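What follows is final20.cif (mmCIF, C-alpha atoms).
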data_data
#
loop_
_atom_site.label_atom_id
_atom_site.label_comp_id
_atom_site.auth_asym_id
_atom_site.auth_seq_id
_atom_site.Cartn_x
_atom_site.Cartn_y
_atom_site.Cartn_z
CA MET A 1 -46.28 -18.52 -14.64
CA SER A 2 -48.19 -19.50 -11.51
CA ARG A 3 -51.95 -19.16 -11.20
CA THR A 4 -51.51 -16.25 -8.79
CA GLU A 5 -49.22 -14.47 -11.24
CA GLN A 6 -51.71 -15.06 -14.06
CA LYS A 7 -54.53 -13.58 -11.97
CA GLU A 8 -52.44 -10.53 -11.12
CA LYS A 9 -51.46 -10.07 -14.78
CA ARG A 10 -55.11 -10.28 -15.83
CA ARG A 11 -56.08 -7.79 -13.11
CA GLU A 12 -53.43 -5.35 -14.38
CA GLU A 13 -54.71 -5.80 -17.95
CA ILE A 14 -58.23 -4.96 -16.80
CA LEU A 15 -57.00 -1.88 -14.94
CA ALA A 16 -55.05 -0.73 -18.01
CA ALA A 17 -58.06 -1.28 -20.28
CA GLY A 18 -60.33 0.59 -17.87
CA LEU A 19 -57.85 3.44 -17.53
CA ASN A 20 -57.55 3.84 -21.30
CA LEU A 21 -61.32 3.90 -21.75
CA PHE A 22 -62.02 6.19 -18.79
CA ILE A 23 -59.55 8.83 -20.03
CA ARG A 24 -60.79 8.59 -23.62
CA LYS A 25 -64.56 8.22 -23.11
CA GLY A 26 -65.10 9.39 -19.55
CA TYR A 27 -66.54 7.49 -16.63
CA SER A 28 -70.20 7.76 -17.61
CA ALA A 29 -69.74 6.78 -21.26
CA THR A 30 -67.54 3.77 -20.50
CA LYS A 31 -69.50 0.53 -20.21
CA THR A 32 -68.34 -2.70 -18.57
CA LEU A 33 -68.71 -4.42 -21.95
CA ASP A 34 -66.25 -1.89 -23.42
CA ILE A 35 -63.75 -2.69 -20.67
CA SER A 36 -64.10 -6.46 -20.99
CA GLN A 37 -63.69 -6.29 -24.77
CA ALA A 38 -60.64 -4.03 -24.48
CA ALA A 39 -59.12 -6.45 -21.96
CA GLY A 40 -59.94 -9.43 -24.18
CA ILE A 41 -62.13 -11.17 -21.61
CA SER A 42 -65.80 -11.88 -21.07
CA GLU A 43 -67.91 -9.44 -19.12
CA GLY A 44 -68.57 -12.18 -16.57
CA LEU A 45 -64.84 -12.62 -15.96
CA LEU A 46 -64.50 -8.86 -15.55
CA PHE A 47 -67.05 -9.04 -12.72
CA HIS A 48 -64.97 -11.79 -11.11
CA TYR A 49 -62.19 -9.22 -10.68
CA PHE A 50 -64.28 -6.10 -10.06
CA GLU A 51 -67.91 -6.29 -8.89
CA THR A 52 -68.89 -3.13 -10.73
CA LYS A 53 -67.49 -0.42 -13.00
CA GLU A 54 -67.50 1.81 -9.92
CA LYS A 55 -65.20 -0.59 -8.03
CA LEU A 56 -62.76 -0.66 -10.96
CA TYR A 57 -62.82 3.14 -11.13
CA GLU A 58 -62.30 3.36 -7.36
CA GLU A 59 -59.28 1.07 -7.61
CA LEU A 60 -57.73 3.26 -10.28
CA ILE A 61 -58.36 6.39 -8.20
CA LYS A 62 -56.78 4.72 -5.16
CA LEU A 63 -53.73 3.89 -7.28
CA GLY A 64 -53.67 7.47 -8.53
CA ILE A 65 -53.46 8.74 -4.97
CA SER A 66 -51.31 6.08 -3.33
CA GLY A 67 -48.57 6.10 -5.98
CA PRO A 68 -47.69 9.79 -5.60
CA GLN A 69 -48.24 9.71 -1.83
CA ASN A 70 -45.84 6.79 -1.45
CA LEU A 71 -43.29 8.54 -3.62
CA LEU A 72 -43.55 11.83 -1.73
CA ASN A 73 -43.58 10.19 1.71
CA ASN A 74 -40.26 8.48 0.94
CA ILE A 75 -38.41 11.63 -0.13
CA LYS A 76 -36.17 12.97 2.59
CA GLY A 77 -34.02 16.06 2.79
CA GLU A 78 -34.29 19.79 2.43
CA PRO A 79 -37.49 21.17 0.79
CA LEU A 80 -35.89 22.11 -2.53
CA GLU A 81 -34.37 18.60 -2.71
CA PHE A 82 -37.86 17.23 -2.05
CA PHE A 83 -39.22 18.98 -5.14
CA GLN A 84 -36.16 18.11 -7.24
CA THR A 85 -36.44 14.42 -6.38
CA ALA A 86 -40.23 14.37 -6.81
CA VAL A 87 -40.25 15.82 -10.32
CA LYS A 88 -37.24 13.75 -11.41
CA GLU A 89 -38.91 10.53 -10.24
CA ILE A 90 -42.29 11.46 -11.70
CA PHE A 91 -40.79 12.36 -15.08
CA ASN A 92 -38.84 9.10 -15.09
CA TYR A 93 -42.07 7.16 -14.47
CA ILE A 94 -43.94 9.16 -17.09
CA ASP A 95 -41.19 8.54 -19.63
CA THR A 96 -40.91 4.79 -18.98
CA THR A 97 -44.42 3.79 -17.89
CA PRO A 98 -47.31 5.15 -19.99
CA PHE A 99 -49.78 3.95 -17.32
CA VAL A 100 -48.41 6.60 -14.93
CA ALA A 101 -48.89 9.46 -17.39
CA LYS A 102 -52.43 8.29 -18.06
CA MET A 103 -53.14 8.27 -14.32
CA PHE A 104 -52.50 12.02 -14.24
CA VAL A 105 -55.21 12.47 -16.88
CA LEU A 106 -57.63 10.23 -14.99
CA MET A 107 -57.07 11.99 -11.67
CA LYS A 108 -57.66 15.41 -13.18
CA GLN A 109 -60.83 14.23 -14.91
CA ALA A 110 -62.08 12.53 -11.75
CA GLY A 111 -61.61 15.71 -9.74
CA CYS A 112 -63.75 17.66 -12.22
CA ASN A 113 -66.38 14.99 -12.89
CA ASP A 114 -69.76 15.72 -11.34
CA ALA A 115 -70.88 12.22 -12.40
CA ALA A 116 -68.09 10.52 -10.42
CA PRO A 117 -69.45 8.14 -7.80
CA GLU A 118 -69.67 9.51 -4.25
CA SER A 119 -67.17 6.87 -3.10
CA VAL A 120 -64.62 8.30 -5.53
CA LYS A 121 -65.32 11.87 -4.42
CA LYS A 122 -64.59 10.80 -0.83
CA ILE A 123 -61.33 9.17 -1.86
CA LEU A 124 -60.30 12.28 -3.79
CA ALA A 125 -61.11 14.50 -0.80
CA SER A 126 -58.55 12.57 1.27
CA ASN A 127 -55.73 13.52 -1.10
CA ASN A 128 -53.35 15.89 0.67
CA ILE A 129 -50.41 16.11 -1.74
CA PHE A 130 -51.01 19.79 -2.46
CA SER A 131 -51.14 20.79 1.22
CA VAL A 132 -47.92 18.85 1.92
CA SER A 133 -46.27 20.77 -0.92
CA VAL A 134 -47.42 24.13 0.45
CA GLU A 135 -45.86 23.31 3.82
CA LYS A 136 -42.60 22.24 2.13
CA ILE A 137 -42.56 25.52 0.19
CA LYS A 138 -43.05 27.53 3.38
CA GLU A 139 -40.18 25.62 5.01
CA GLY A 140 -37.96 26.23 1.97
CA GLN A 141 -38.81 29.92 1.99
CA LYS A 142 -37.69 30.16 5.63
CA LYS A 143 -34.42 28.41 4.71
CA GLY A 144 -33.93 30.69 1.72
CA THR A 145 -33.88 27.96 -0.95
CA ILE A 146 -37.37 28.55 -2.35
CA ARG A 147 -38.39 31.88 -3.85
CA LYS A 148 -40.63 34.35 -2.07
CA GLY A 149 -44.27 34.45 -3.01
CA ASP A 150 -47.58 32.91 -2.12
CA PRO A 151 -46.87 29.25 -1.21
CA ASP A 152 -50.21 28.12 -2.63
CA ALA A 153 -49.50 29.86 -5.94
CA LEU A 154 -45.99 28.40 -6.11
CA ALA A 155 -47.29 24.89 -5.41
CA LEU A 156 -49.94 25.41 -8.09
CA ALA A 157 -47.34 26.55 -10.63
CA TYR A 158 -45.08 23.58 -9.84
CA TRP A 159 -47.79 20.89 -9.84
CA GLY A 160 -49.68 22.48 -12.72
CA SER A 161 -46.55 22.18 -14.85
CA VAL A 162 -46.05 18.55 -13.86
CA GLN A 163 -49.73 17.84 -14.57
CA GLY A 164 -49.61 19.46 -17.99
CA ILE A 165 -46.49 17.59 -19.02
CA ALA A 166 -47.95 14.28 -17.81
CA GLU A 167 -51.18 14.87 -19.73
CA GLN A 168 -49.27 15.75 -22.89
CA ALA A 169 -47.15 12.59 -22.55
CA ALA A 170 -50.25 10.45 -21.96
CA LEU A 171 -52.11 11.74 -24.99
CA PHE A 172 -49.07 12.14 -27.27
CA PRO A 173 -46.52 9.46 -26.28
CA ASP A 174 -43.76 10.86 -28.53
CA THR A 175 -43.75 14.13 -26.58
CA PRO A 176 -40.25 14.84 -25.23
CA ILE A 177 -40.12 15.06 -21.45
CA PRO A 178 -38.52 18.34 -20.31
CA ASP A 179 -35.56 18.48 -17.99
CA SER A 180 -36.88 18.20 -14.44
CA GLU A 181 -34.73 21.15 -13.32
CA TRP A 182 -36.82 23.45 -15.52
CA ILE A 183 -39.80 22.67 -13.30
CA VAL A 184 -37.79 23.11 -10.11
CA ASP A 185 -36.71 26.54 -11.39
CA ILE A 186 -40.33 27.64 -10.99
CA ILE A 187 -39.91 27.56 -7.22
CA ARG A 188 -36.11 27.86 -6.80
CA ARG A 189 -34.85 31.06 -5.22
CA ARG A 190 -32.54 33.06 -7.44
CA SER A 191 -29.37 34.51 -5.95
#

Will you turn the file into structure tokens for me?
Amino acid sequence: MSRTEQKEKRREEILAAGLNLFIRKGYSATKTLDISQAAGISEGLLFHYFETKEKLYEELIKLGISGPQNLLNNIKGEPLEFFQTAVKEIFNYIDTTPFVAKMFVLMKQAGCNDAAPESVKKILASNNIFSVSVEKIKEGQKKGTIRKGDPDALALAYWGSVQGIAEQAALFPDTPIPDSEWIVDIIRRRS
């Protein structure tokens, strides 16, 4: 393994340790010493990778936004297909990569955390996944593939279900992941 690969592996280990602690203890209660010990490194080495706990937290929040945005930006096709592909991909990631399920927990906590750093609050404010979904629902309603109803409420029902399943999988890894079509049925128009 090259030096660059070793550095990247160590960085990922630090992110995973930070993520685990942030979702279990919260941002305020997690100390840099906790993170360095969980990652199996010195606190000084932790600061070599991330200047502060805030910078580590920011990086996790950026990952929590960019991952889903990249996924959703690459889905093409009719609106109902968009939602089918999104939930199928997300559930696949949740089932195979525990880090992804834990990110759902972190993002929810960060959005509700008054103690979150201002820099994180600004990053979270830039997240537009929900508004993109509302527009897709409106488009699907016009095409007759998505059920009638308030687009905001339908998006909330869809994403709330995904969120709940991800949180359950993060906290209880043996939780079975439901069939993605069950989630799509929340918004699918019935004939």

Can you turn the PyMOL selection byres ((chain A and resi 120) around 9) into a concrete residue list for this file, as a short mmCIF file (atom, residue, chain, number, x, y, z; two decimals) with C-alpha atoms, in the coordinates of the input?
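Written out: result-v2.cif:
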data_model
loop_
_atom_site.label_atom_id
_atom_site.label_comp_id
_atom_site.auth_asym_id
_atom_site.auth_seq_id
_atom_site.Cartn_x
_atom_site.Cartn_y
_atom_site.Cartn_z
CA GLU A 54 -67.50 1.81 -9.92
CA TYR A 57 -62.82 3.14 -11.13
CA GLU A 58 -62.30 3.36 -7.36
CA ILE A 61 -58.36 6.39 -8.20
CA LYS A 62 -56.78 4.72 -5.16
CA ALA A 110 -62.08 12.53 -11.75
CA ALA A 116 -68.09 10.52 -10.42
CA PRO A 117 -69.45 8.14 -7.80
CA GLU A 118 -69.67 9.51 -4.25
CA SER A 119 -67.17 6.87 -3.10
CA LYS A 121 -65.32 11.87 -4.42
CA LYS A 122 -64.59 10.80 -0.83
CA ILE A 123 -61.33 9.17 -1.86
CA LEU A 124 -60.30 12.28 -3.79
CA ALA A 125 -61.11 14.50 -0.80
#

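Coordinates place atom CA of A:Glu167 at a distance of 17.6 Å from atom CA of A:Ala17.
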
**Which residue of A:Lys76, A:Lys55, A:Val162, A:Lys102 approaches A:Leu21 most closely, using only C-alpha atoms** =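 For A:Leu21, the nearest of the candidates is A:Lys102.
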
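If you apply the PyMOL selection byres ((chain A and resi 65-70) around 9) to this structure, you end up with Leu60, Ile61, Lys62, Leu63, Gly64, Leu71, Leu72, Asn73, Asn74, Ile75, Ala86, Ile90, Val100, Met107, Ile123, Leu124, Ser126, Asn127, Asn128 and Ile129 of chain A.
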
**Message:** Would you compute the distance between atom CA of A:Ser2 and atom CA of A:Ile14? Give it in Å to one decimal.
**Reply:**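 Atom-to-atom, atom CA of A:Ser2 and atom CA of A:Ile14 are spaced 18.4 Å apart.
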
**Message:** If the PyMOL selection byres ((chain A and resi 133) around 10) were run on this exact file, what residues would it hold? Put them as a PyMOL selection string.
**Reply:** chain A and resi 72+79+82-83+128-132+134-139+151-152+154-156+158-159

**Message:** Could you list, as a ChimeraX atom specification, every residue within 10 Å of stretch 22-32 of chain A, counting only C-alpha atoms and ignoring same-chain residues fewer than 6 positions away?
**Reply:** /A:16,38,42-44,46-47,52-54,56-57,60,102-110,113,115-117,170-171

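Taking only C-alpha atoms into account, A:Lys142 lies nearest to A:Leu80 out of the set A:Ala101, A:Ile94, A:Ile165, A:Leu80.
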
**Asked** Taking all atoms listed in the file into account, which of A:Ile183, A:Ala39, A:Ala153, A:Leu33 comes nearest A:Arg11?
**Response**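 Looking only at the distances to A:Arg11, the closest residue turns out to be A:Ala39.
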
**Prompt:** At what distance in Å, to one decimal, does atom CA of A:Phe91 lie from atom CA of A:Gln168?
**Reply:**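 One can read the atom CA of A:Gln168 to atom CA of A:Phe91 distance as 12.0 Å.
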
Could the centre and edge lengths of an axis-aligned box, enclosing all atoms of stretch 3-15 of chain A in the file with 3 Å extra on each side, be given in Å to one decimal as lines of an AutoDock Vina configuration file?
center_x = -53.7
center_y = -10.5
center_z = -13.4
size_x = 15.0
size_y = 23.3
size_z = 15.2

Shell around A:Arg189 at 12 Å using only C-alpha atoms, local window under 3 positions removed, as a PDB file with C-alpha atoms, in the frame of the given file:
ATOM      1  CA  PRO A  79     -37.490  21.170   0.790  1.00  0.00           C
ATOM      2  CA  LEU A  80     -35.890  22.110  -2.530  1.00  0.00           C
ATOM      3  CA  ILE A 137     -42.560  25.520   0.190  1.00  0.00           C
ATOM      4  CA  GLY A 140     -37.960  26.230   1.970  1.00  0.00           C
ATOM      5  CA  GLN A 141     -38.810  29.920   1.990  1.00  0.00           C
ATOM      6  CA  LYS A 142     -37.690  30.160   5.630  1.00  0.00           C
ATOM      7  CA  LYS A 143     -34.420  28.410   4.710  1.00  0.00           C
ATOM      8  CA  GLY A 144     -33.930  30.690   1.720  1.00  0.00           C
ATOM      9  CA  THR A 145     -33.880  27.960  -0.950  1.00  0.00           C
ATOM     10  CA  ILE A 146     -37.370  28.550  -2.350  1.00  0.00           C
ATOM     11  CA  ARG A 147     -38.390  31.880  -3.850  1.00  0.00           C
ATOM     12  CA  LYS A 148     -40.630  34.350  -2.070  1.00  0.00           C
ATOM     13  CA  GLY A 149     -44.270  34.450  -3.010  1.00  0.00           C
ATOM     14  CA  LEU A 154     -45.990  28.400  -6.110  1.00  0.00           C
ATOM     15  CA  VAL A 184     -37.790  23.110 -10.110  1.00  0.00           C
ATOM     16  CA  ASP A 185     -36.710  26.540 -11.390  1.00  0.00           C
ATOM     17  CA  ILE A 186     -40.330  27.640 -10.990  1.00  0.00           C
TER      18      ILE A 186
END
